[in-house]
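Enquirer: Contents are compact mmCIF, C-alpha atoms and all ligand atoms; file name work_21.txt:
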```txt
# COMPACT_ATOMS: atom_id res chain seq x y z
CA MET X 1 34.37 -66.61 28.62
CA GLN X 2 32.00 -66.67 25.67
CA THR X 3 32.64 -66.14 21.95
CA PHE X 4 30.17 -65.30 19.19
CA LYS X 5 30.79 -65.10 15.47
CA SER X 6 28.53 -62.37 14.11
CA ASN X 7 28.25 -59.16 12.10
CA LEU X 8 28.73 -55.87 13.95
CA LEU X 9 27.26 -52.46 13.32
CA ASN X 10 29.14 -49.77 15.20
CA PRO X 11 28.32 -46.03 15.38
CA ILE X 12 31.54 -44.19 14.56
CA SER X 13 29.89 -40.74 14.27
CA PRO X 14 26.57 -39.21 13.15
CA THR X 15 27.71 -39.66 9.56
CA GLU X 16 29.53 -42.98 9.69
CA THR X 17 28.59 -46.50 10.76
CA GLN X 18 31.10 -49.32 10.64
CA LEU X 19 30.06 -52.80 9.48
CA LEU X 20 32.31 -55.69 10.46
CA LYS X 21 31.29 -58.94 8.82
CA LYS X 22 31.73 -62.36 10.41
CA VAL X 23 34.04 -61.40 13.25
CA PHE X 24 34.58 -63.10 16.58
CA ILE X 25 33.42 -61.20 19.69
CA THR X 26 34.75 -62.60 22.94
CA LEU X 27 33.20 -61.62 26.26
CA LYS X 28 34.83 -61.97 29.67
CA ASP X 29 33.73 -60.74 33.11
CA GLY X 30 30.92 -58.63 31.67
CA LYS X 31 33.15 -56.88 29.17
CA ILE X 32 34.15 -57.29 25.56
CA SER X 33 37.64 -58.77 25.75
CA SER X 34 38.39 -58.95 22.02
CA ILE X 35 37.07 -58.58 18.49
CA SER X 36 39.05 -60.47 15.91
CA ASN X 37 38.98 -62.18 12.54
CA LEU X 38 40.50 -65.36 13.89
CA HIS X 39 39.57 -67.48 16.85
CA HIS X 40 40.81 -70.78 18.21
CA GLY X 41 38.35 -72.72 20.28
CA ASP X 42 34.61 -72.94 20.67
CA TYR X 43 32.23 -70.25 19.53
CA GLU X 44 28.55 -69.74 18.88
CA ASP X 45 27.69 -69.08 15.24
CA ARG X 46 25.46 -66.03 14.88
CA THR X 47 26.50 -65.04 11.39
CA ASP X 48 22.81 -64.85 10.41
CA LEU X 49 22.35 -62.03 12.92
CA ILE X 50 23.52 -58.44 13.34
CA CYS X 51 25.03 -57.32 16.62
CA ILE X 52 24.61 -53.69 17.72
CA PRO X 53 25.48 -51.85 20.94
CA GLY X 54 22.65 -51.95 23.50
CA LEU X 55 20.22 -49.10 22.86
CA ILE X 56 20.01 -46.12 25.19
CA ASP X 57 16.72 -44.46 26.18
CA THR X 58 17.56 -41.15 27.87
CA HIS X 59 14.03 -40.09 28.85
CA VAL X 60 11.23 -42.39 29.97
CA HIS X 61 8.50 -42.51 32.66
CA LEU X 62 8.32 -46.02 34.10
CA SER X 63 5.09 -45.46 36.09
CA GLN X 64 3.25 -44.37 32.91
CA PHE X 65 3.95 -47.63 31.08
CA TYR X 66 0.32 -48.79 31.01
CA ILE X 67 -1.14 -45.58 29.55
CA ARG X 68 0.73 -45.58 26.25
CA GLY X 69 -1.44 -44.47 23.39
CA SER X 70 -3.99 -42.51 25.44
CA HIS X 71 -5.15 -39.90 22.99
CA SER X 72 -4.99 -36.26 24.01
CA PRO X 73 -4.84 -32.98 22.10
CA SER X 74 -1.96 -31.51 24.14
CA LEU X 75 0.56 -31.97 26.93
CA LEU X 76 -1.20 -30.26 29.86
CA HIS X 77 -4.54 -31.91 29.03
CA TRP X 78 -2.78 -35.27 28.81
CA LEU X 79 -1.07 -34.84 32.18
CA LYS X 80 -4.36 -33.91 33.86
CA THR X 81 -6.55 -36.49 32.16
CA TYR X 82 -4.35 -39.58 32.24
CA THR X 83 -0.88 -39.19 33.66
CA PHE X 84 -1.36 -37.87 37.15
CA GLN X 85 -4.11 -40.39 37.94
CA GLU X 86 -2.00 -43.22 36.61
CA GLU X 87 1.03 -42.17 38.67
CA LEU X 88 -1.20 -42.20 41.79
CA LYS X 89 -1.70 -45.94 41.31
CA SER X 90 2.00 -46.53 42.00
CA LYS X 91 1.41 -45.43 45.60
CA ASP X 92 0.29 -49.04 45.99
CA VAL X 93 3.46 -51.15 46.26
CA ILE X 94 2.00 -54.18 44.50
CA TYR X 95 1.01 -52.05 41.52
CA ALA X 96 4.41 -50.31 41.58
CA GLU X 97 6.20 -53.64 41.40
CA LYS X 98 3.98 -54.96 38.62
CA VAL X 99 4.48 -51.90 36.45
CA ALA X 100 8.26 -51.98 37.05
CA ARG X 101 8.48 -55.65 36.02
CA ASP X 102 6.35 -55.15 32.92
CA PHE X 103 8.27 -52.01 31.98
CA PHE X 104 11.72 -53.59 32.17
CA ALA X 105 10.58 -56.83 30.48
CA ASP X 106 9.29 -54.82 27.53
CA SER X 107 12.31 -52.52 27.45
CA VAL X 108 14.93 -55.31 27.18
CA SER X 109 12.78 -57.21 24.67
CA ARG X 110 13.21 -54.17 22.41
CA GLY X 111 16.97 -54.04 22.78
CA THR X 112 17.28 -51.24 25.33
CA THR X 113 20.09 -51.81 27.83
CA THR X 114 20.37 -48.37 29.47
CA SER X 115 17.37 -46.27 30.55
CA VAL X 116 17.11 -42.91 32.26
CA ILE X 117 13.88 -43.15 34.22
CA TYR X 118 11.31 -40.98 36.01
CA THR X 119 9.14 -42.87 38.52
CA ALA X 120 5.92 -41.70 40.18
CA PRO X 121 6.45 -39.18 43.01
CA TYR X 122 6.51 -41.81 45.77
CA LYS X 123 9.71 -42.93 47.47
CA GLN X 124 8.60 -46.56 47.66
CA ALA X 125 7.69 -46.69 43.97
CA CYS X 126 11.18 -45.50 43.08
CA ASP X 127 12.81 -47.89 45.55
CA ILE X 128 10.87 -50.78 43.99
CA ALA X 129 11.96 -49.74 40.49
CA PHE X 130 15.58 -49.96 41.67
CA GLU X 131 15.01 -53.36 43.28
CA VAL X 132 13.46 -54.77 40.11
CA ALA X 133 16.22 -53.25 37.94
CA GLN X 134 18.86 -54.80 40.18
CA GLU X 135 17.19 -58.21 40.12
CA LEU X 136 16.90 -58.18 36.32
CA GLY X 137 20.44 -56.87 35.77
CA VAL X 138 19.62 -53.88 33.57
CA ARG X 139 21.64 -50.66 33.41
CA ALA X 140 19.53 -47.74 34.63
CA ILE X 141 19.63 -44.24 36.04
CA ILE X 142 16.44 -43.81 38.05
CA GLY X 143 14.86 -40.91 39.94
CA MET X 144 11.72 -40.21 41.93
CA THR X 145 9.73 -37.42 40.28
CA MET X 146 9.51 -34.39 42.57
CA MET X 147 6.53 -32.00 42.55
CA ASP X 148 5.75 -29.66 45.43
CA ALA X 149 3.60 -26.98 43.76
CA ASN X 150 0.52 -26.56 41.56
CA SER X 151 -0.10 -30.30 41.54
CA PRO X 152 -3.11 -32.47 42.39
CA ASP X 153 -3.30 -33.07 46.19
CA TYR X 154 -2.66 -36.77 45.81
CA LEU X 155 0.71 -36.20 44.11
CA GLN X 156 1.94 -32.98 45.66
CA GLN X 157 4.81 -33.45 48.08
CA ASP X 158 6.13 -31.36 50.92
CA SER X 159 9.24 -29.54 49.62
CA THR X 160 11.69 -30.69 52.28
CA ARG X 161 10.32 -34.22 52.26
CA ALA X 162 10.58 -34.48 48.46
CA PHE X 163 14.22 -33.49 48.62
CA GLU X 164 15.03 -35.70 51.63
CA ASP X 165 13.36 -38.74 50.09
CA SER X 166 15.42 -38.16 46.93
CA ALA X 167 18.64 -37.74 48.91
CA ASN X 168 17.89 -41.00 50.80
CA LEU X 169 17.28 -42.86 47.55
CA PHE X 170 20.52 -41.39 46.19
CA ASP X 171 22.45 -42.63 49.26
CA LYS X 172 20.87 -46.05 49.01
CA TRP X 173 21.26 -46.70 45.29
CA ASN X 174 23.67 -44.38 43.52
CA ARG X 175 26.68 -46.37 42.28
CA LYS X 176 26.15 -49.05 44.89
CA THR X 177 26.19 -51.59 42.07
CA GLY X 178 27.97 -51.32 38.74
CA LEU X 179 24.74 -50.78 36.82
CA LEU X 180 22.52 -48.42 38.81
CA GLU X 181 22.66 -44.69 39.51
CA TYR X 182 20.32 -42.05 40.88
CA VAL X 183 19.05 -38.98 39.04
CA PHE X 184 17.46 -36.03 40.85
CA THR X 185 14.14 -35.47 39.12
CA PRO X 186 12.21 -32.22 39.59
CA ARG X 187 9.31 -32.81 37.16
CA PHE X 188 9.32 -29.32 35.60
CA ALA X 189 9.08 -25.65 36.59
CA LEU X 190 5.27 -25.78 36.59
CA THR X 191 5.10 -28.18 39.52
CA CYS X 192 8.26 -27.32 41.46
CA SER X 193 8.93 -24.46 43.88
CA ALA X 194 12.03 -22.32 43.66
CA LEU X 195 13.08 -23.71 47.05
CA LEU X 196 12.90 -27.32 45.89
CA MET X 197 14.74 -26.61 42.63
CA LYS X 198 17.49 -24.69 44.44
CA ILE X 199 18.21 -27.24 47.18
CA THR X 200 18.16 -30.00 44.57
CA GLY X 201 20.55 -28.13 42.27
CA ASP X 202 22.99 -27.39 45.12
CA PHE X 203 23.01 -30.94 46.40
CA ALA X 204 23.34 -32.59 43.00
CA ARG X 205 26.20 -30.29 42.00
CA ASN X 206 28.12 -31.05 45.21
CA GLU X 207 27.61 -34.77 44.74
CA ASN X 208 28.29 -34.70 40.99
CA ALA X 209 24.90 -36.37 40.55
CA TYR X 210 22.60 -36.48 37.54
CA ILE X 211 19.60 -34.16 37.25
CA GLN X 212 16.72 -34.53 34.81
CA THR X 213 13.72 -32.38 34.04
CA HIS X 214 11.54 -31.19 31.15
CA LEU X 215 12.27 -27.99 29.26
CA SER X 216 10.22 -26.14 26.68
CA GLU X 217 8.03 -28.92 25.38
CA ASN X 218 4.83 -27.02 24.70
CA LYS X 219 3.98 -23.33 24.16
CA VAL X 220 1.26 -23.18 26.84
CA GLU X 221 3.68 -24.80 29.29
CA ILE X 222 6.31 -22.12 28.54
CA LYS X 223 3.81 -19.31 29.06
CA ARG X 224 2.75 -20.84 32.38
CA ALA X 225 6.39 -21.21 33.52
CA LEU X 226 7.05 -17.54 32.83
CA GLU X 227 3.87 -16.54 34.72
CA LEU X 228 5.07 -18.51 37.73
CA PHE X 229 8.61 -17.07 37.54
CA PRO X 230 8.06 -13.58 36.06
CA GLN X 231 11.46 -12.32 37.19
CA TYR X 232 13.24 -14.44 34.55
CA GLY X 233 13.50 -13.85 30.84
CA SER X 234 13.10 -17.42 29.61
CA TYR X 235 12.22 -20.95 30.68
CA THR X 236 15.88 -21.96 30.35
CA GLU X 237 16.92 -19.04 32.54
CA ILE X 238 14.61 -20.28 35.32
CA TYR X 239 16.49 -23.57 35.50
CA ASP X 240 19.83 -21.82 35.16
CA ARG X 241 19.10 -19.50 38.11
CA MET X 242 17.90 -22.45 40.17
CA GLY X 243 21.25 -24.14 39.62
CA LEU X 244 19.75 -27.07 37.77
CA LEU X 245 21.83 -26.85 34.58
CA GLY X 246 25.22 -28.48 34.03
CA PRO X 247 27.04 -31.29 32.24
CA LYS X 248 25.14 -33.97 34.20
CA THR X 249 21.71 -32.45 33.51
CA ILE X 250 19.48 -34.18 30.96
CA LEU X 251 16.71 -32.00 29.62
CA GLY X 252 13.73 -33.63 27.94
CA HIS X 253 12.32 -32.04 24.76
CA VAL X 254 13.90 -28.54 24.38
CA ILE X 255 11.72 -27.63 21.40
CA HIS X 256 10.84 -23.92 21.53
CA VAL X 257 14.14 -22.34 22.60
CA ASP X 258 15.60 -19.07 21.32
CA ASP X 259 19.25 -18.21 20.65
CA GLU X 260 19.86 -16.87 24.13
CA GLU X 261 18.54 -20.06 25.69
CA ILE X 262 20.69 -22.14 23.37
CA SER X 263 23.79 -20.25 24.50
CA ILE X 264 22.90 -20.89 28.17
CA LEU X 265 22.55 -24.60 27.40
CA LYS X 266 25.89 -24.55 25.60
CA GLU X 267 27.71 -22.64 28.36
CA THR X 268 26.40 -24.96 31.05
CA GLU X 269 27.10 -28.05 28.88
CA SER X 270 23.57 -29.28 29.57
CA LYS X 271 22.42 -32.34 27.63
CA ILE X 272 19.31 -32.92 25.56
CA ALA X 273 16.96 -35.90 25.34
CA HIS X 274 15.01 -35.53 22.10
CA CYS X 275 11.69 -37.42 22.19
CA PRO X 276 10.24 -37.30 18.67
CA ASP X 277 7.50 -39.91 19.07
CA SER X 278 6.08 -38.04 22.05
CA ASN X 279 6.42 -34.66 20.31
CA PHE X 280 4.48 -36.00 17.37
CA PHE X 281 1.82 -37.68 19.52
CA LEU X 282 1.15 -34.65 21.75
CA LYS X 283 1.53 -32.09 18.93
CA SER X 284 4.22 -30.35 20.97
CA GLY X 285 6.17 -29.07 17.97
CA MET X 286 9.22 -29.86 15.89
CA PHE X 287 12.56 -30.27 17.65
CA PRO X 288 15.11 -27.82 16.16
CA LEU X 289 17.63 -30.59 15.58
CA GLN X 290 19.79 -28.90 13.00
CA LYS X 291 20.07 -25.69 15.00
CA LEU X 292 20.94 -27.40 18.29
CA LYS X 293 23.40 -29.68 16.57
CA GLU X 294 25.11 -26.75 14.88
CA ALA X 295 25.29 -25.02 18.27
CA GLY X 296 27.37 -28.00 19.39
CA LEU X 297 24.94 -29.41 21.95
CA ASP X 298 24.97 -33.10 22.84
CA ILE X 299 21.74 -34.78 21.79
CA ALA X 300 20.35 -38.23 22.54
CA LEU X 301 16.99 -39.91 22.06
CA GLY X 302 14.23 -40.74 24.50
CA SER X 303 11.04 -42.76 24.13
CA ASP X 304 9.24 -40.52 26.66
CA VAL X 305 6.74 -43.28 27.30
CA ALA X 306 3.94 -42.65 27.88
CA GLY X 307 3.88 -39.38 25.91
CA GLY X 308 5.74 -41.63 23.50
CA THR X 309 3.76 -44.67 22.39
CA SER X 310 6.44 -47.38 22.54
CA LEU X 311 9.66 -48.31 24.35
CA SER X 312 11.20 -49.34 21.04
CA MET X 313 14.23 -47.15 20.36
CA LEU X 314 14.15 -48.42 16.76
CA ASN X 315 10.75 -46.71 16.52
CA VAL X 316 12.17 -43.58 18.17
CA MET X 317 15.00 -43.49 15.58
CA LYS X 318 12.42 -43.72 12.81
CA MET X 319 10.32 -40.97 14.38
CA ALA X 320 13.39 -38.75 14.75
CA ALA X 321 13.78 -38.88 10.99
CA PHE X 322 10.04 -38.59 10.25
CA ARG X 323 9.41 -35.71 12.65
CA GLN X 324 11.76 -33.32 10.83
CA ASN X 325 10.00 -31.38 8.08
CA GLU X 326 13.04 -30.55 5.99
CA TYR X 327 16.23 -31.59 7.72
CA VAL X 328 17.20 -35.06 6.53
CA ILE X 329 18.46 -37.43 9.22
CA PRO X 330 20.40 -40.27 7.66
CA PRO X 331 20.03 -43.66 9.39
CA GLN X 332 23.65 -43.40 10.60
CA GLU X 333 22.74 -40.27 12.55
CA ALA X 334 19.59 -41.69 14.15
CA PHE X 335 21.57 -44.83 15.10
CA TYR X 336 24.33 -42.70 16.62
CA TYR X 337 21.90 -40.78 18.87
CA ALA X 338 20.47 -44.02 20.29
CA THR X 339 23.90 -45.57 20.95
CA LEU X 340 27.21 -43.69 21.20
CA GLY X 341 25.50 -40.26 21.23
CA GLY X 342 23.31 -41.42 24.12
CA ALA X 343 26.37 -42.72 25.95
CA LYS X 344 28.07 -39.36 25.46
CA VAL X 345 25.08 -37.49 26.87
CA LEU X 346 25.38 -39.66 29.98
CA GLY X 347 29.17 -39.33 30.16
CA LYS X 348 29.41 -43.08 29.60
CA GLU X 349 31.07 -43.17 26.18
CA ASN X 350 34.00 -45.09 27.65
CA ILE X 351 31.67 -47.79 28.96
CA VAL X 352 28.76 -48.30 26.54
CA GLY X 353 27.43 -47.25 23.13
CA PHE X 354 30.14 -48.85 20.99
CA ILE X 355 31.36 -52.41 20.51
CA GLU X 356 35.08 -52.71 21.18
CA ALA X 357 37.49 -54.43 23.54
CA GLY X 358 37.35 -52.94 27.03
CA LYS X 359 33.74 -51.74 26.82
CA ALA X 360 30.88 -53.31 28.76
CA ALA X 361 29.23 -56.21 26.94
CA ASP X 362 25.87 -54.44 26.46
CA LEU X 363 24.86 -56.03 23.18
CA VAL X 364 21.79 -56.74 21.10
CA PHE X 365 21.55 -59.49 18.49
CA LEU X 366 18.97 -58.80 15.79
CA LYS X 367 17.56 -60.61 12.82
CA ILE X 368 17.08 -58.06 10.05
CA PRO X 369 15.30 -59.03 6.83
CA PRO X 370 17.66 -59.27 3.84
CA THR X 371 18.57 -56.05 2.07
CA ARG X 372 19.35 -55.48 -1.58
CA ARG X 373 22.88 -54.48 -0.76
CA ASP X 374 24.92 -55.81 2.08
CA GLU X 375 26.23 -52.45 3.31
CA ALA X 376 25.94 -50.57 6.58
CA GLU X 377 23.50 -47.95 5.30
CA ASN X 378 21.15 -50.48 3.72
CA ILE X 379 21.09 -52.68 6.79
CA LEU X 380 20.60 -49.70 9.09
CA SER X 381 17.77 -48.19 7.11
CA ARG X 382 16.02 -51.57 6.93
CA MET X 383 16.50 -51.89 10.69
CA ILE X 384 15.05 -48.46 11.43
CA TYR X 385 12.35 -47.82 8.85
CA THR X 386 10.92 -51.34 8.84
CA HIS X 387 11.61 -52.05 12.50
CA GLU X 388 8.32 -53.96 12.82
CA ASP X 389 9.97 -56.72 10.77
CA VAL X 390 13.12 -56.87 12.89
CA GLU X 391 13.39 -59.65 15.43
CA ILE X 392 15.30 -58.91 18.62
CA VAL X 393 16.92 -62.27 19.33
CA GLU X 394 18.93 -61.56 22.45
CA THR X 395 19.82 -58.64 24.72
CA LEU X 396 22.86 -58.71 27.01
CA VAL X 397 23.77 -56.23 29.74
CA ALA X 398 27.33 -56.50 31.08
CA GLY X 399 27.55 -59.90 29.38
CA ARG X 400 24.47 -61.26 31.12
CA LYS X 401 21.42 -62.31 29.15
CA VAL X 402 18.44 -60.13 30.11
CA PHE X 403 16.25 -61.10 27.17
ZN ZN J 501 8.76 -36.76 29.90
```
If you convert what's in this file into C-alpha cells, what do you get?
Ligand SMILES: [Zn+2]
Expert:
Amino acid sequence: MQTFKSNLLNPISPTETQLLKKVFITLKDGKISSISNLHHGDYEDRTDLICIPGLIDTHVHLSQFYIRGSHSPSLLHWLKTYTFQEELKSKDVIYAEKVARDFFADSVSRGTTTSVIYTAPYKQACDIAFEVAQELGVRAIIGMTMMDANSPDYLQQDSTRAFEDSANLFDKWNRKTGLLEYVFTPRFALTCSALLMKITGDFARNENAYIQTHLSENKVEIKRALELFPQYGSYTEIYDRMGLLGPKTILGHVIHVDDEEISILKETESKIAHCPDSNFFLKSGMFPLQKLKEAGLDIALGSDVAGGTSLSMLNVMKMAAFRQNEYVIPPQEAFYYATLGGAKVLGKENIVGFIEAGKAADLVFLKIPPTRRDEAENILSRMIYTHEDVEIVETLVAGRKVF
C-alpha cells in the first residue's frame, strides 16, 4: 500500500475538468483504493505536483521511432523515402530490440501509459516489442503491420503468412498478462489485398479482437485506394465491405470523409485516432473534428510517430488545438481526448483514463510552472500550451513505477 498527498486533475467530459487540491490517493495491488481528504498513517507529500491519469496514445508506429522529423512534402513520398527503409531495419532482431527499448523509454518519460502500436511487418519485431513492453510493465496494444500488395519486395508479405503470423502473435500475447493485448494491423488499403483484409476482419470479429488501420489521410492516397478497389464508392466502404469496421476498430486520421462515410463509421461504431501533429507535418489536411464530434463518433488522440514528430501527448493536445482553423478546442477537451476519451475509444473507460477508487493506478505526476490563477483551466492550459516547461516527475502503470 502506498499513499500520496497531491493535486488531481480529472477529465469529467470534453467541457469539464475536475481539480481536487491536496487529497490523499492510496494505491493497493496496482489499483487506486481510495481518494480522500483525510488519511491516518504515512504518506508521501507531493502537494507541489499535479497528478493526472496516464496519457493514452491511440496511434503510433514503434519501428519508425528513429526517423521522427524527416522532412517530406507528403504522405506517399514520406513512406517511400524514409519509412519503408527504416521498417526494413527491424528485420534485424538486435535493431528491433534497441528501437523497442528506446521507444518505450521515451514514451513513459512523457507520461504515456497506454499505447496502441504498429510494428514493422516482421513477426519477430512484433514479438520483441511485446517482450520489451512486458519487461518494462507498460500497458500496450500491439500489432504487426500487414502488407501483402503494392509494397517494396523487402516488406511485402505472403497473404496467408501475414495473417497466420498475426494469429500466432494474437494467441501468444493477447490478454495473457493484465497489460498487453494484440491488434490486427492491416497497414491500409493501398498495401493490402482484399483476401488479407477479409480473413483478418472475419477472424478479429470472431475473437472480439482489436483492428487498426489508416483511413483517408491524404487525397492522393484516397484516389489510389479507389483505383485499386473501383467497385466501391468510397475509401470507408472498402473497409466496411472487407469486414474491418466495428466497435473495436481504431482508424487513424479520417480526414477527408463525406457524410455517407461518416454514417458508415457511426453505424459500425468504429473509433477514430486523430493525429494532428502528423497531419500538420505531412500537410495531410485538417481533421473535421467538429463534424465528427457532432456525428457522435468517439475520438481519441495519436502521436503517429514518426509522421508525428514527438511521443509527447502534451504536444499532441497542443497540436489538436492549433491544427483547427476555426473550431476552438478548449484545454479541457484536448485533455479529455488524451485520457478518458482515449480510454473510451479502447473500451477501457472502466479501467483507465480517470483517477478514482477501483481504477488501475496509471498515474503521472507533473511539475507545472505556477499559473496566475489556481484553477483547472489555467493549470491545464499551462500544461498543454507550454508543455516544454512541464517536468514529468514520475509515471506509474498499474501502481508500478515505469519512469
Ligand atoms: Zn500511422
Enquirer: Any idea what the distance is between atom CA of X:Leu19 and atom CA of X:Ala105?
Expert: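 Pair atom CA of X:Leu19 / atom CA of X:Ala105 returns 28.9 Å.
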Enquirer: Which residue out of X:His274, X:Lys293, X:Arg110, X:His387 has the minimum interatomic distance to ligand ZN 501 (chain J) when all atoms listed in the file are used?
Expert: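 With all atoms listed in the file as the atom set, the closest residue is X:His274.
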Enquirer: So, counting all atoms listed in the file, which residue among X:Glu181, X:Glu356, X:Asp153, X:Asp258 is closest to X:Asn208?
Expert: X:Glu181
Enquirer: Which is closest to X:Val364 among X:His77, X:Lys28, X:Arg68, X:Arg46, if we use only C-alpha atoms?
Expert: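 For X:Val364, the nearest of the given residues is X:Arg46.
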Enquirer: Compare X:Ala194, X:Leu289, X:Leu55, X:Leu79 by their minimum atom-to-atom distance to ligand ZN 501 (chain J), counting all atoms listed in the file, and give me the closest one.
Expert: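 Counting all atoms listed in the file, the residue closest to ligand ZN 501 (chain J) is X:Leu79.
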Enquirer: Given all atoms listed in the file as the basis, pick out the residue of X:Lys283, X:Lys91, X:Arg187, X:Lys348 nearest to ligand ZN 501 (chain J).
Expert: X:Arg187
Enquirer: Please provide as a JSON list (two decimals) with C-alpha atoms, keeping the file's coordinate frame all residues within 12 Å of X:Glu86, with the sequence filter that same-chain residues fewer than 2 positions apart are discarded (counting all atoms listed in the file).
Expert:
```json
[["chain", "number", "residue", "atom", "x", "y", "z"],
["X", 61, "HIS", "CA", 8.50, -42.51, 32.66],
["X", 62, "LEU", "CA", 8.32, -46.02, 34.10],
["X", 63, "SER", "CA", 5.09, -45.46, 36.09],
["X", 64, "GLN", "CA", 3.25, -44.37, 32.91],
["X", 65, "PHE", "CA", 3.95, -47.63, 31.08],
["X", 66, "TYR", "CA", 0.32, -48.79, 31.01],
["X", 67, "ILE", "CA", -1.14, -45.58, 29.55],
["X", 68, "ARG", "CA", 0.73, -45.58, 26.25],
["X", 70, "SER", "CA", -3.99, -42.51, 25.44],
["X", 78, "TRP", "CA", -2.78, -35.27, 28.81],
["X", 79, "LEU", "CA", -1.07, -34.84, 32.18],
["X", 80, "LYS", "CA", -4.36, -33.91, 33.86],
["X", 81, "THR", "CA", -6.55, -36.49, 32.16],
["X", 82, "TYR", "CA", -4.35, -39.58, 32.24],
["X", 83, "THR", "CA", -0.88, -39.19, 33.66],
["X", 84, "PHE", "CA", -1.36, -37.87, 37.15],
["X", 88, "LEU", "CA", -1.20, -42.20, 41.79],
["X", 89, "LYS", "CA", -1.70, -45.94, 41.31],
["X", 90, "SER", "CA", 2.00, -46.53, 42.00],
["X", 91, "LYS", "CA", 1.41, -45.43, 45.60],
["X", 92, "ASP", "CA", 0.29, -49.04, 45.99],
["X", 95, "TYR", "CA", 1.01, -52.05, 41.52],
["X", 96, "ALA", "CA", 4.41, -50.31, 41.58],
["X", 99, "VAL", "CA", 4.48, -51.90, 36.45],
["X", 119, "THR", "CA", 9.14, -42.87, 38.52],
["X", 120, "ALA", "CA", 5.92, -41.70, 40.18],
["X", 121, "PRO", "CA", 6.45, -39.18, 43.01],
["X", 154, "TYR", "CA", -2.66, -36.77, 45.81],
["X", 155, "LEU", "CA", 0.71, -36.20, 44.11],
["X", 306, "ALA", "CA", 3.94, -42.65, 27.88]]
```
Enquirer: Within 9 Å of X:Leu169, counting all atoms listed in the file, which residues show up once you throw out same-chain ones fewer than 6 positions away? Write them as a list of chain:residue names, please.
Expert: X:Lys123, X:Cys126, X:Asp127, X:Gly143, X:Met144, X:Tyr182
Enquirer: Please provide as a list of chain:residue names all residues within 9 Å of X:Ser166, with the sequence filter that same-chain residues fewer than 4 positions apart are discarded (counting only C-alpha atoms).
Expert: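 Answer for this query is X:Lys123, X:Gly143, X:Met144, X:Thr145, X:Met146, X:Arg161, X:Ala162, X:Phe170, X:Asp171, X:Tyr182, X:Val183, X:Phe184, X:Thr185, X:Thr200.
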Enquirer: Generate the output file for the selected residues, C-alpha atoms, as a compact mmCIF listing (two decimals), keeping the file's coordinate frame.
Expert:
```txt
# COMPACT_ATOMS: atom_id res chain seq x y z
CA LYS X 123 9.71 -42.93 47.47
CA GLY X 143 14.86 -40.91 39.94
CA MET X 144 11.72 -40.21 41.93
CA THR X 145 9.73 -37.42 40.28
CA MET X 146 9.51 -34.39 42.57
CA ARG X 161 10.32 -34.22 52.26
CA ALA X 162 10.58 -34.48 48.46
CA PHE X 170 20.52 -41.39 46.19
CA ASP X 171 22.45 -42.63 49.26
CA TYR X 182 20.32 -42.05 40.88
CA VAL X 183 19.05 -38.98 39.04
CA PHE X 184 17.46 -36.03 40.85
CA THR X 185 14.14 -35.47 39.12
CA THR X 200 18.16 -30.00 44.57
```
